[in-house]
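This is work_32.csv. It holds CSV, N, CA and C atoms.
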chain,number,residue,atom,x,y,z
H,1,MET,N,26.4,31.6,-5.2
H,1,MET,CA,25.1,30.9,-5.5
H,1,MET,C,25.3,29.4,-5.8
H,2,SER,N,26.5,29.0,-6.4
H,2,SER,CA,26.7,27.6,-6.7
H,2,SER,C,27.0,26.8,-5.4
H,3,ALA,N,27.4,27.5,-4.3
H,3,ALA,CA,27.8,26.8,-3.1
H,3,ALA,C,26.5,26.2,-2.4
H,4,ALA,N,25.4,26.9,-2.5
H,4,ALA,CA,24.2,26.4,-1.8
H,4,ALA,C,23.8,25.0,-2.2
H,5,PRO,N,23.7,24.7,-3.5
H,5,PRO,CA,23.3,23.3,-3.8
H,5,PRO,C,24.2,22.2,-3.3
H,6,ARG,N,25.5,22.6,-3.2
H,6,ARG,CA,26.5,21.6,-2.6
H,6,ARG,C,26.2,21.3,-1.2
H,7,THR,N,25.9,22.3,-0.4
H,7,THR,CA,25.6,22.1,1.0
H,7,THR,C,24.3,21.3,1.2
H,8,GLU,N,23.3,21.6,0.3
H,8,GLU,CA,22.0,20.9,0.5
H,8,GLU,C,22.1,19.4,0.1
H,9,LYS,N,22.9,19.1,-0.9
H,9,LYS,CA,23.0,17.7,-1.4
H,9,LYS,C,23.5,16.7,-0.3
H,10,PRO,N,24.7,17.0,0.3
H,10,PRO,CA,25.1,16.1,1.4
H,10,PRO,C,24.1,16.0,2.5
H,11,ALA,N,23.4,17.1,2.9
H,11,ALA,CA,22.4,17.1,3.9
H,11,ALA,C,21.3,16.1,3.5
H,12,GLY,N,20.9,16.2,2.2
H,12,GLY,CA,19.9,15.3,1.7
H,12,GLY,C,20.3,13.8,1.8
H,13,ARG,N,21.5,13.6,1.4
H,13,ARG,CA,22.1,12.2,1.5
H,13,ARG,C,22.1,11.7,2.9
H,14,PHE,N,22.6,12.6,3.8
H,14,PHE,CA,22.7,12.2,5.2
H,14,PHE,C,21.3,11.9,5.8
H,15,ARG,N,20.3,12.8,5.4
H,15,ARG,CA,18.9,12.6,5.9
H,15,ARG,C,18.4,11.3,5.4
H,16,ARG,N,18.6,10.9,4.1
H,16,ARG,CA,18.1,9.6,3.6
H,16,ARG,C,18.8,8.5,4.3
H,17,MET,N,20.1,8.6,4.6
H,17,MET,CA,20.8,7.5,5.3
H,17,MET,C,20.3,7.4,6.7
H,18,LEU,N,20.0,8.5,7.3
H,18,LEU,CA,19.5,8.4,8.7
H,18,LEU,C,18.1,7.8,8.7
H,19,ASP,N,17.3,8.2,7.7
H,19,ASP,CA,15.9,7.6,7.6
H,19,ASP,C,16.0,6.1,7.4
H,20,ARG,N,16.9,5.7,6.6
H,20,ARG,CA,17.0,4.2,6.3
H,20,ARG,C,17.5,3.5,7.6
H,21,LEU,N,18.3,4.1,8.3
H,21,LEU,CA,18.8,3.4,9.6
H,21,LEU,C,17.7,3.3,10.6
H,22,SER,N,16.8,4.3,10.6
H,22,SER,CA,15.8,4.3,11.7
H,22,SER,C,14.5,3.7,11.2
H,23,THR,N,14.4,3.1,10.0
H,23,THR,CA,13.2,2.5,9.5
H,23,THR,C,13.4,1.0,9.5
H,24,SER,N,12.3,0.3,9.9
H,24,SER,CA,12.3,-1.1,10.0
H,24,SER,C,12.4,-1.8,8.6
H,25,GLN,N,12.9,-3.0,8.5
H,25,GLN,CA,13.0,-3.7,7.3
H,25,GLN,C,11.7,-3.9,6.6
H,26,GLU,N,10.6,-4.1,7.3
H,26,GLU,CA,9.3,-4.3,6.8
H,26,GLU,C,8.8,-3.0,6.1
H,27,GLU,N,9.1,-1.8,6.7
H,27,GLU,CA,8.7,-0.5,6.2
H,27,GLU,C,9.5,-0.3,4.9
H,28,LEU,N,10.8,-0.6,4.9
H,28,LEU,CA,11.6,-0.4,3.7
H,28,LEU,C,11.1,-1.3,2.5
H,29,GLU,N,10.7,-2.5,2.8
H,29,GLU,CA,10.2,-3.4,1.8
H,29,GLU,C,8.8,-2.9,1.2
H,30,SER,N,8.0,-2.3,2.1
H,30,SER,CA,6.7,-1.8,1.7
H,30,SER,C,6.9,-0.6,0.8
H,31,VAL,N,7.9,0.3,1.1
H,31,VAL,CA,8.2,1.4,0.2
H,31,VAL,C,8.7,1.0,-1.1
H,32,GLU,N,9.5,-0.1,-1.1
H,32,GLU,CA,10.1,-0.6,-2.4
H,32,GLU,C,9.0,-1.2,-3.2
H,33,LEU,N,8.0,-1.9,-2.6
H,33,LEU,CA,6.9,-2.5,-3.3
H,33,LEU,C,6.0,-1.4,-3.9
H,34,GLN,N,5.8,-0.3,-3.2
H,34,GLN,CA,5.0,0.8,-3.7
H,34,GLN,C,5.6,1.4,-4.9
H,35,GLU,N,7.0,1.6,-4.8
H,35,GLU,CA,7.7,2.2,-5.9
H,35,GLU,C,7.6,1.3,-7.2
H,36,ASP,N,7.7,0.0,-6.9
H,36,ASP,CA,7.5,-1.0,-8.1
H,36,ASP,C,6.2,-0.9,-8.7
H,37,THR,N,5.1,-0.7,-7.9
H,37,THR,CA,3.8,-0.6,-8.4
H,37,THR,C,3.6,0.6,-9.3
H,38,GLU,N,4.2,1.7,-8.8
H,38,GLU,CA,4.1,3.0,-9.6
H,38,GLU,C,4.9,2.8,-10.9
H,39,ALA,N,6.1,2.2,-10.8
H,39,ALA,CA,6.9,2.0,-12.0
H,39,ALA,C,6.3,1.1,-13.1
H,40,SER,N,5.6,0.1,-12.6
H,40,SER,CA,4.9,-0.8,-13.6
H,40,SER,C,3.6,-0.3,-14.1
H,41,GLY,N,3.1,0.8,-13.6
H,41,GLY,CA,1.8,1.3,-14.1
H,41,GLY,C,0.6,0.6,-13.6
H,42,CYS,N,0.8,-0.2,-12.5
H,42,CYS,CA,-0.3,-0.9,-11.9
H,42,CYS,C,-1.1,-0.1,-10.9
H,43,THR,N,-2.3,-0.6,-10.5
H,43,THR,CA,-3.1,0.1,-9.5
H,43,THR,C,-2.7,-0.4,-8.1
H,44,ARG,N,-2.6,0.6,-7.2
H,44,ARG,CA,-2.3,0.2,-5.8
H,44,ARG,C,-3.5,-0.6,-5.3
H,45,ILE,N,-3.2,-1.7,-4.5
H,45,ILE,CA,-4.2,-2.5,-4.0
H,45,ILE,C,-5.2,-1.8,-3.1
H,46,SER,N,-4.6,-0.8,-2.3
H,46,SER,CA,-5.5,0.0,-1.4
H,46,SER,C,-6.5,0.8,-2.2
H,47,ASP,N,-6.2,1.1,-3.5
H,47,ASP,CA,-7.1,1.9,-4.3
H,47,ASP,C,-8.2,1.1,-5.0
H,48,CYS,N,-8.1,-0.2,-4.9
H,48,CYS,CA,-9.0,-1.1,-5.6
H,48,CYS,C,-10.3,-1.2,-4.9
H,49,SER,N,-11.4,-1.1,-5.7
H,49,SER,CA,-12.8,-1.2,-5.1
H,49,SER,C,-13.5,-2.4,-5.7
H,50,ASP,N,-14.6,-2.7,-5.0
H,50,ASP,CA,-15.4,-3.9,-5.4
H,50,ASP,C,-15.9,-3.8,-6.9
H,51,ARG,N,-15.8,-4.9,-7.6
H,51,ARG,CA,-16.2,-5.0,-9.0
H,51,ARG,C,-15.4,-4.2,-10.0
H,52,GLN,N,-14.2,-3.7,-9.6
H,52,GLN,CA,-13.3,-2.9,-10.5
H,52,GLN,C,-12.4,-3.9,-11.2
H,53,ILE,N,-12.2,-3.7,-12.5
H,53,ILE,CA,-11.2,-4.4,-13.2
H,53,ILE,C,-9.8,-3.8,-13.0
H,54,VAL,N,-8.9,-4.5,-12.5
H,54,VAL,CA,-7.6,-4.0,-12.2
H,54,VAL,C,-6.4,-4.8,-12.7
H,55,LYS,N,-5.2,-4.1,-12.6
H,55,LYS,CA,-3.9,-4.8,-12.9
H,55,LYS,C,-3.1,-4.4,-11.7
H,56,VAL,N,-2.7,-5.4,-10.9
H,56,VAL,CA,-1.9,-5.1,-9.7
H,56,VAL,C,-0.6,-5.9,-9.7
H,57,THR,N,0.3,-5.5,-8.9
H,57,THR,CA,1.6,-6.2,-8.7
H,57,THR,C,2.0,-6.2,-7.3
H,58,GLY,N,2.8,-7.2,-6.9
H,58,GLY,CA,3.3,-7.3,-5.5
H,58,GLY,C,4.0,-8.6,-5.3
H,59,THR,N,4.2,-8.9,-4.0
H,59,THR,CA,4.9,-10.1,-3.7
H,59,THR,C,3.9,-11.0,-3.0
H,60,LEU,N,4.0,-12.3,-3.3
H,60,LEU,CA,3.2,-13.3,-2.6
H,60,LEU,C,3.7,-13.6,-1.2
H,61,ARG,N,2.9,-13.3,-0.2
H,61,ARG,CA,3.3,-13.6,1.1
H,61,ARG,C,3.0,-15.0,1.6
H,62,THR,N,1.8,-15.5,1.3
H,62,THR,CA,1.5,-16.8,1.7
H,62,THR,C,0.8,-17.5,0.5
H,63,VAL,N,0.9,-18.9,0.5
H,63,VAL,CA,0.3,-19.7,-0.6
H,63,VAL,C,-0.3,-20.9,0.2
H,64,THR,N,-1.6,-21.1,0.1
H,64,THR,CA,-2.2,-22.3,0.8
H,64,THR,C,-3.2,-23.0,-0.1
H,65,LEU,N,-3.5,-24.2,0.2
H,65,LEU,CA,-4.5,-25.0,-0.5
H,65,LEU,C,-5.7,-25.1,0.4
H,66,ARG,N,-6.8,-24.5,0.0
H,66,ARG,CA,-8.0,-24.4,0.8
H,66,ARG,C,-9.2,-24.7,0.0
H,67,PRO,N,-9.9,-25.8,0.2
H,67,PRO,CA,-11.1,-26.1,-0.5
H,67,PRO,C,-12.2,-25.1,-0.4
H,68,ARG,N,-12.9,-24.8,-1.5
H,68,ARG,CA,-14.1,-23.9,-1.4
H,68,ARG,C,-15.2,-24.7,-2.0
H,69,ALA,N,-16.3,-24.9,-1.2
H,69,ALA,CA,-17.5,-25.6,-1.6
H,69,ALA,C,-17.1,-27.0,-2.2
H,70,GLY,N,-16.1,-27.7,-1.6
H,70,GLY,CA,-15.8,-29.0,-2.0
H,70,GLY,C,-14.8,-29.1,-3.2
H,71,VAL,N,-14.4,-27.9,-3.7
H,71,VAL,CA,-13.5,-27.8,-4.9
H,71,VAL,C,-12.2,-27.3,-4.4
H,72,PRO,N,-11.1,-28.0,-4.9
H,72,PRO,CA,-9.8,-27.4,-4.5
H,72,PRO,C,-9.6,-26.0,-4.9
H,73,ALA,N,-8.9,-25.2,-4.1
H,73,ALA,CA,-8.6,-23.8,-4.5
H,73,ALA,C,-7.2,-23.5,-3.9
H,74,LEU,N,-6.4,-22.9,-4.8
H,74,LEU,CA,-5.1,-22.5,-4.4
H,74,LEU,C,-5.2,-21.0,-4.1
H,75,GLU,N,-4.9,-20.6,-2.9
H,75,GLU,CA,-5.1,-19.2,-2.4
H,75,GLU,C,-3.7,-18.6,-2.1
H,76,ALA,N,-3.5,-17.4,-2.5
H,76,ALA,CA,-2.2,-16.7,-2.2
H,76,ALA,C,-2.6,-15.3,-1.8
H,77,GLU,N,-1.7,-14.7,-0.9
H,77,GLU,CA,-1.9,-13.4,-0.5
H,77,GLU,C,-0.9,-12.5,-1.2
H,78,LEU,N,-1.3,-11.6,-2.0
H,78,LEU,CA,-0.4,-10.7,-2.7
H,78,LEU,C,-0.4,-9.3,-2.0
H,79,PHE,N,0.8,-8.8,-1.8
H,79,PHE,CA,1.0,-7.6,-1.0
H,79,PHE,C,1.8,-6.6,-1.8
H,80,ASP,N,1.4,-5.4,-1.9
H,80,ASP,CA,2.1,-4.4,-2.7
H,80,ASP,C,2.6,-3.2,-1.9
H,81,GLY,N,2.6,-3.4,-0.6
H,81,GLY,CA,3.1,-2.3,0.3
H,81,GLY,C,2.0,-1.4,0.8
H,82,THR,N,0.8,-1.5,0.2
H,82,THR,CA,-0.3,-0.7,0.7
H,82,THR,C,-1.4,-1.5,1.3
H,83,ALA,N,-1.7,-2.7,0.8
H,83,ALA,CA,-2.8,-3.5,1.3
H,83,ALA,C,-2.6,-5.0,0.8
H,84,PRO,N,-3.2,-6.0,1.5
H,84,PRO,CA,-3.1,-7.3,1.0
H,84,PRO,C,-4.3,-7.6,0.0
H,85,LEU,N,-4.1,-8.5,-0.9
H,85,LEU,CA,-5.1,-9.0,-1.8
H,85,LEU,C,-5.1,-10.5,-1.9
H,86,ASP,N,-6.2,-11.2,-1.7
H,86,ASP,CA,-6.3,-12.6,-1.8
H,86,ASP,C,-6.5,-13.0,-3.3
H,87,VAL,N,-5.6,-13.8,-3.8
H,87,VAL,CA,-5.7,-14.3,-5.2
H,87,VAL,C,-6.0,-15.7,-5.1
H,88,VAL,N,-7.1,-16.1,-5.8
H,88,VAL,CA,-7.6,-17.5,-5.7
H,88,VAL,C,-7.8,-18.1,-7.1
H,89,TRP,N,-7.2,-19.3,-7.2
H,89,TRP,CA,-7.4,-20.1,-8.4
H,89,TRP,C,-8.2,-21.3,-8.1
H,90,LEU,N,-9.5,-21.3,-8.6
H,90,LEU,CA,-10.4,-22.4,-8.3
H,90,LEU,C,-10.1,-23.6,-9.1
H,91,GLY,N,-10.2,-24.8,-8.5
H,91,GLY,CA,-9.9,-26.0,-9.2
H,91,GLY,C,-8.5,-26.4,-9.3
H,92,ARG,N,-7.6,-25.6,-8.7
H,92,ARG,CA,-6.1,-25.9,-8.8
H,92,ARG,C,-5.6,-26.3,-7.4
H,93,ARG,N,-4.7,-27.3,-7.4
H,93,ARG,CA,-4.0,-27.7,-6.2
H,93,ARG,C,-2.7,-27.0,-6.1
H,94,SER,N,-2.0,-26.8,-7.2
H,94,SER,CA,-0.8,-26.1,-7.3
H,94,SER,C,-0.5,-25.5,-8.7
H,95,ILE,N,0.3,-24.5,-8.7
H,95,ILE,CA,0.7,-23.8,-10.0
H,95,ILE,C,2.2,-23.6,-9.9
H,96,VAL,N,2.9,-24.1,-10.9
H,96,VAL,CA,4.4,-23.9,-10.9
H,96,VAL,C,4.8,-22.5,-10.8
H,97,GLY,N,5.6,-22.1,-9.8
H,97,GLY,CA,6.1,-20.7,-9.7
H,97,GLY,C,5.3,-19.9,-8.7
H,98,ILE,N,4.1,-20.4,-8.3
H,98,ILE,CA,3.3,-19.7,-7.3
H,98,ILE,C,3.8,-20.1,-6.0
H,99,GLU,N,4.6,-19.3,-5.3
H,99,GLU,CA,5.2,-19.6,-4.0
H,99,GLU,C,5.5,-18.4,-3.3
H,100,PRO,N,5.6,-18.5,-1.9
H,100,PRO,CA,5.9,-17.3,-1.1
H,100,PRO,C,7.2,-16.6,-1.5
H,101,GLY,N,7.1,-15.3,-1.6
H,101,GLY,CA,8.3,-14.5,-1.9
H,101,GLY,C,8.4,-14.2,-3.4
H,102,ARG,N,7.6,-14.8,-4.2
H,102,ARG,CA,7.6,-14.5,-5.7
H,102,ARG,C,6.9,-13.3,-6.0
H,103,LYS,N,7.4,-12.5,-6.9
H,103,LYS,CA,6.7,-11.2,-7.4
H,103,LYS,C,5.9,-11.6,-8.6
H,104,MET,N,4.7,-11.0,-8.7
H,104,MET,CA,3.9,-11.2,-9.8
H,104,MET,C,3.0,-10.0,-10.2
H,105,ILE,N,2.5,-10.0,-11.4
H,105,ILE,CA,1.5,-9.1,-11.8
H,105,ILE,C,0.2,-9.9,-12.1
H,106,ALA,N,-0.9,-9.4,-11.5
H,106,ALA,CA,-2.2,-10.1,-11.7
H,106,ALA,C,-3.3,-9.1,-12.2
H,107,SER,N,-4.2,-9.6,-13.0
H,107,SER,CA,-5.3,-8.7,-13.5
H,107,SER,C,-6.6,-9.5,-13.5
H,108,GLY,N,-7.6,-8.8,-13.3
H,108,GLY,CA,-9.0,-9.3,-13.3
H,108,GLY,C,-9.9,-8.4,-12.6
H,109,ARG,N,-11.1,-9.0,-12.2
H,109,ARG,CA,-12.1,-8.2,-11.5
H,109,ARG,C,-12.1,-8.4,-10.0
H,110,ILE,N,-11.9,-7.4,-9.2
H,110,ILE,CA,-11.9,-7.4,-7.7
H,110,ILE,C,-13.2,-7.7,-7.2
H,111,SER,N,-13.3,-8.6,-6.2
H,111,SER,CA,-14.6,-8.7,-5.4
H,111,SER,C,-14.2,-8.6,-4.0
H,112,MET,N,-15.2,-8.4,-3.2
H,112,MET,CA,-15.0,-8.3,-1.7
H,112,MET,C,-15.6,-9.6,-1.1
H,113,SER,N,-14.9,-10.2,-0.2
H,113,SER,CA,-15.4,-11.4,0.5
H,113,SER,C,-14.9,-11.2,2.0
H,114,HIS,N,-15.8,-11.2,2.9
H,114,HIS,CA,-15.6,-11.1,4.3
H,114,HIS,C,-14.7,-9.9,4.6
H,115,GLY,N,-14.9,-8.8,3.9
H,115,GLY,CA,-14.1,-7.5,4.2
H,115,GLY,C,-12.7,-7.5,3.5
H,116,ARG,N,-12.4,-8.5,2.7
H,116,ARG,CA,-11.1,-8.5,2.1
H,116,ARG,C,-11.3,-8.5,0.6
H,117,ARG,N,-10.3,-7.9,-0.1
H,117,ARG,CA,-10.3,-7.9,-1.6
H,117,ARG,C,-9.8,-9.2,-2.1
H,118,VAL,N,-10.6,-9.7,-3.1
H,118,VAL,CA,-10.2,-11.1,-3.7
H,118,VAL,C,-10.2,-10.9,-5.2
H,119,LEU,N,-9.3,-11.7,-5.8
H,119,LEU,CA,-9.2,-11.7,-7.2
H,119,LEU,C,-9.3,-13.2,-7.6
H,120,PHE,N,-10.4,-13.6,-8.2
H,120,PHE,CA,-10.6,-15.0,-8.6
H,120,PHE,C,-10.1,-15.3,-10.0
H,121,ASN,N,-9.3,-16.4,-10.1
H,121,ASN,CA,-8.8,-16.9,-11.4
H,121,ASN,C,-8.3,-15.8,-12.3
H,122,PRO,N,-7.3,-15.0,-11.8
H,122,PRO,CA,-6.7,-13.9,-12.5
H,122,PRO,C,-5.8,-14.3,-13.7
H,123,LYS,N,-5.7,-13.4,-14.6
H,123,LYS,CA,-4.6,-13.5,-15.5
H,123,LYS,C,-3.4,-13.1,-14.7
H,124,TYR,N,-2.2,-13.8,-14.9
H,124,TYR,CA,-1.1,-13.4,-14.1
H,124,TYR,C,0.2,-13.6,-14.9
H,125,GLU,N,1.2,-12.9,-14.4
H,125,GLU,CA,2.6,-12.9,-15.0
H,125,GLU,C,3.5,-13.0,-13.8
H,126,LEU,N,4.3,-14.0,-13.8
H,126,LEU,CA,5.4,-14.1,-12.8
H,126,LEU,C,6.5,-13.2,-13.2
H,127,ARG,N,7.1,-12.5,-12.2
H,127,ARG,CA,8.3,-11.7,-12.5
H,127,ARG,C,9.5,-12.5,-12.5
H,128,PRO,N,10.5,-12.3,-13.3
H,128,PRO,CA,11.7,-13.1,-13.4
H,128,PRO,C,12.4,-13.1,-12.0
H,129,LEU,N,13.0,-14.2,-11.7
H,129,LEU,CA,13.6,-14.4,-10.4
H,129,LEU,C,14.8,-13.4,-10.2
H,130,GLY,N,15.5,-13.1,-11.3
H,130,GLY,CA,16.7,-12.3,-11.2
H,130,GLY,C,16.4,-10.8,-10.9
H,131,GLN,N,15.1,-10.4,-11.0
H,131,GLN,CA,14.7,-9.0,-10.8
H,131,GLN,C,14.1,-8.9,-9.4
H,132,GLU,N,14.2,-9.8,-8.5
H,132,GLU,CA,13.6,-9.7,-7.2
H,132,GLU,C,14.6,-9.3,-6.2

Take the structure in the file and write it out as structure tokens.
Amino acid sequence: MSAAPRTEKPAGRFRRMLDRLSTSQEELESVELQEDTEASGCTRISDCSDRQIVKVTGTLRTVTLRPRAGVPALEAELFDGTAPLDVVWLGRRSIVGIEPGRKMIASGRISMSHGRRVLFNPKYELRPLGQE
């Protein structure tokens, strides 16, 4: 009876190794981000709906300065492995630490704009660089 678990364990390791070798880097990063979302107790972006107050986490993929109605607005795309979320700080041209590749936690009320989820002027927490 004790021999069965030993034969299953190497097969499981081999299967995981084989899965990692046949999976693209982007898919691996998405799985890692989804695991981080679960571990931090945040809501998955794909589960967020319009007007819902949420706490989400992910990696900033892009950061751009785009005026909205003549007012400067810093826009970033946050991705958690399930869906993108546009994070917008109105009246800001830049924020120290808000840069592509940085991990963060953001909270606020989700709104929908042109079919995309948007979080305006969120409360946010940048994740330490050593943990990325």

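Ranking H:Asp80, H:Val54, H:Pro128, H:Asp47 by their shortest atom-to-atom distance to Glu29 of chain H, with only C-alpha atoms included, puts H:Asp80 first.
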
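Picture a line from atom CA of Ala39 of chain H to atom CA of Ala106 of chain H; it runs 15.1 Å.
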
Can you pull out every residue from chain H that DSSP, working from the backbone, puts in strand (DSSP E), and format the result as a ChimeraX atom specification? /H:53-65,73-79,84-90,103-113,116-120,123-126

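Using only C-alpha atoms, the shortest contact distance between Val71 of chain H and any of H:Pro84, H:Arg92, H:Thr57, H:Leu33 is found at H:Arg92.
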
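Atom to atom, atom CA of Arg13 of chain H and atom CA of Ser30 of chain H stand 20.8 Å apart.
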
Could you pull out the helix (DSSP H, G or I) residues of chain H, going by DSSP on the backbone, and write them as an MDAnalysis selection string? chainID H and resid 3:22 25:40 45:47 129:131

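Atom to atom, atom N of Arg66 of chain H and atom N of Arg93 of chain H stand 8.2 Å apart.
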
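Nearest residue to Glu35 of chain H, choosing from H:Gly101, H:Gly81, H:Gly108, H:Gly12 and counting only C-alpha atoms: H:Gly81.
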
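Compared by their closest atoms to Glu77 of chain H, and using all atoms listed in the file, the residues H:Arg15, H:Arg61, H:Lys55, H:His114 rank with H:Arg61 nearest.
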
Would you compute the box with edges along x, y and z of the file around segment 99-110 of chain H, including every atom the file lists for it and 8 Å extra on each side, and give its centre and edge lengths in Å to one decimal, as lines of an AutoDock Vina configuration file?
center_x = -2.4
center_y = -13.5
center_z = -7.3
size_x = 37.6
size_y = 28.2
size_z = 28.4
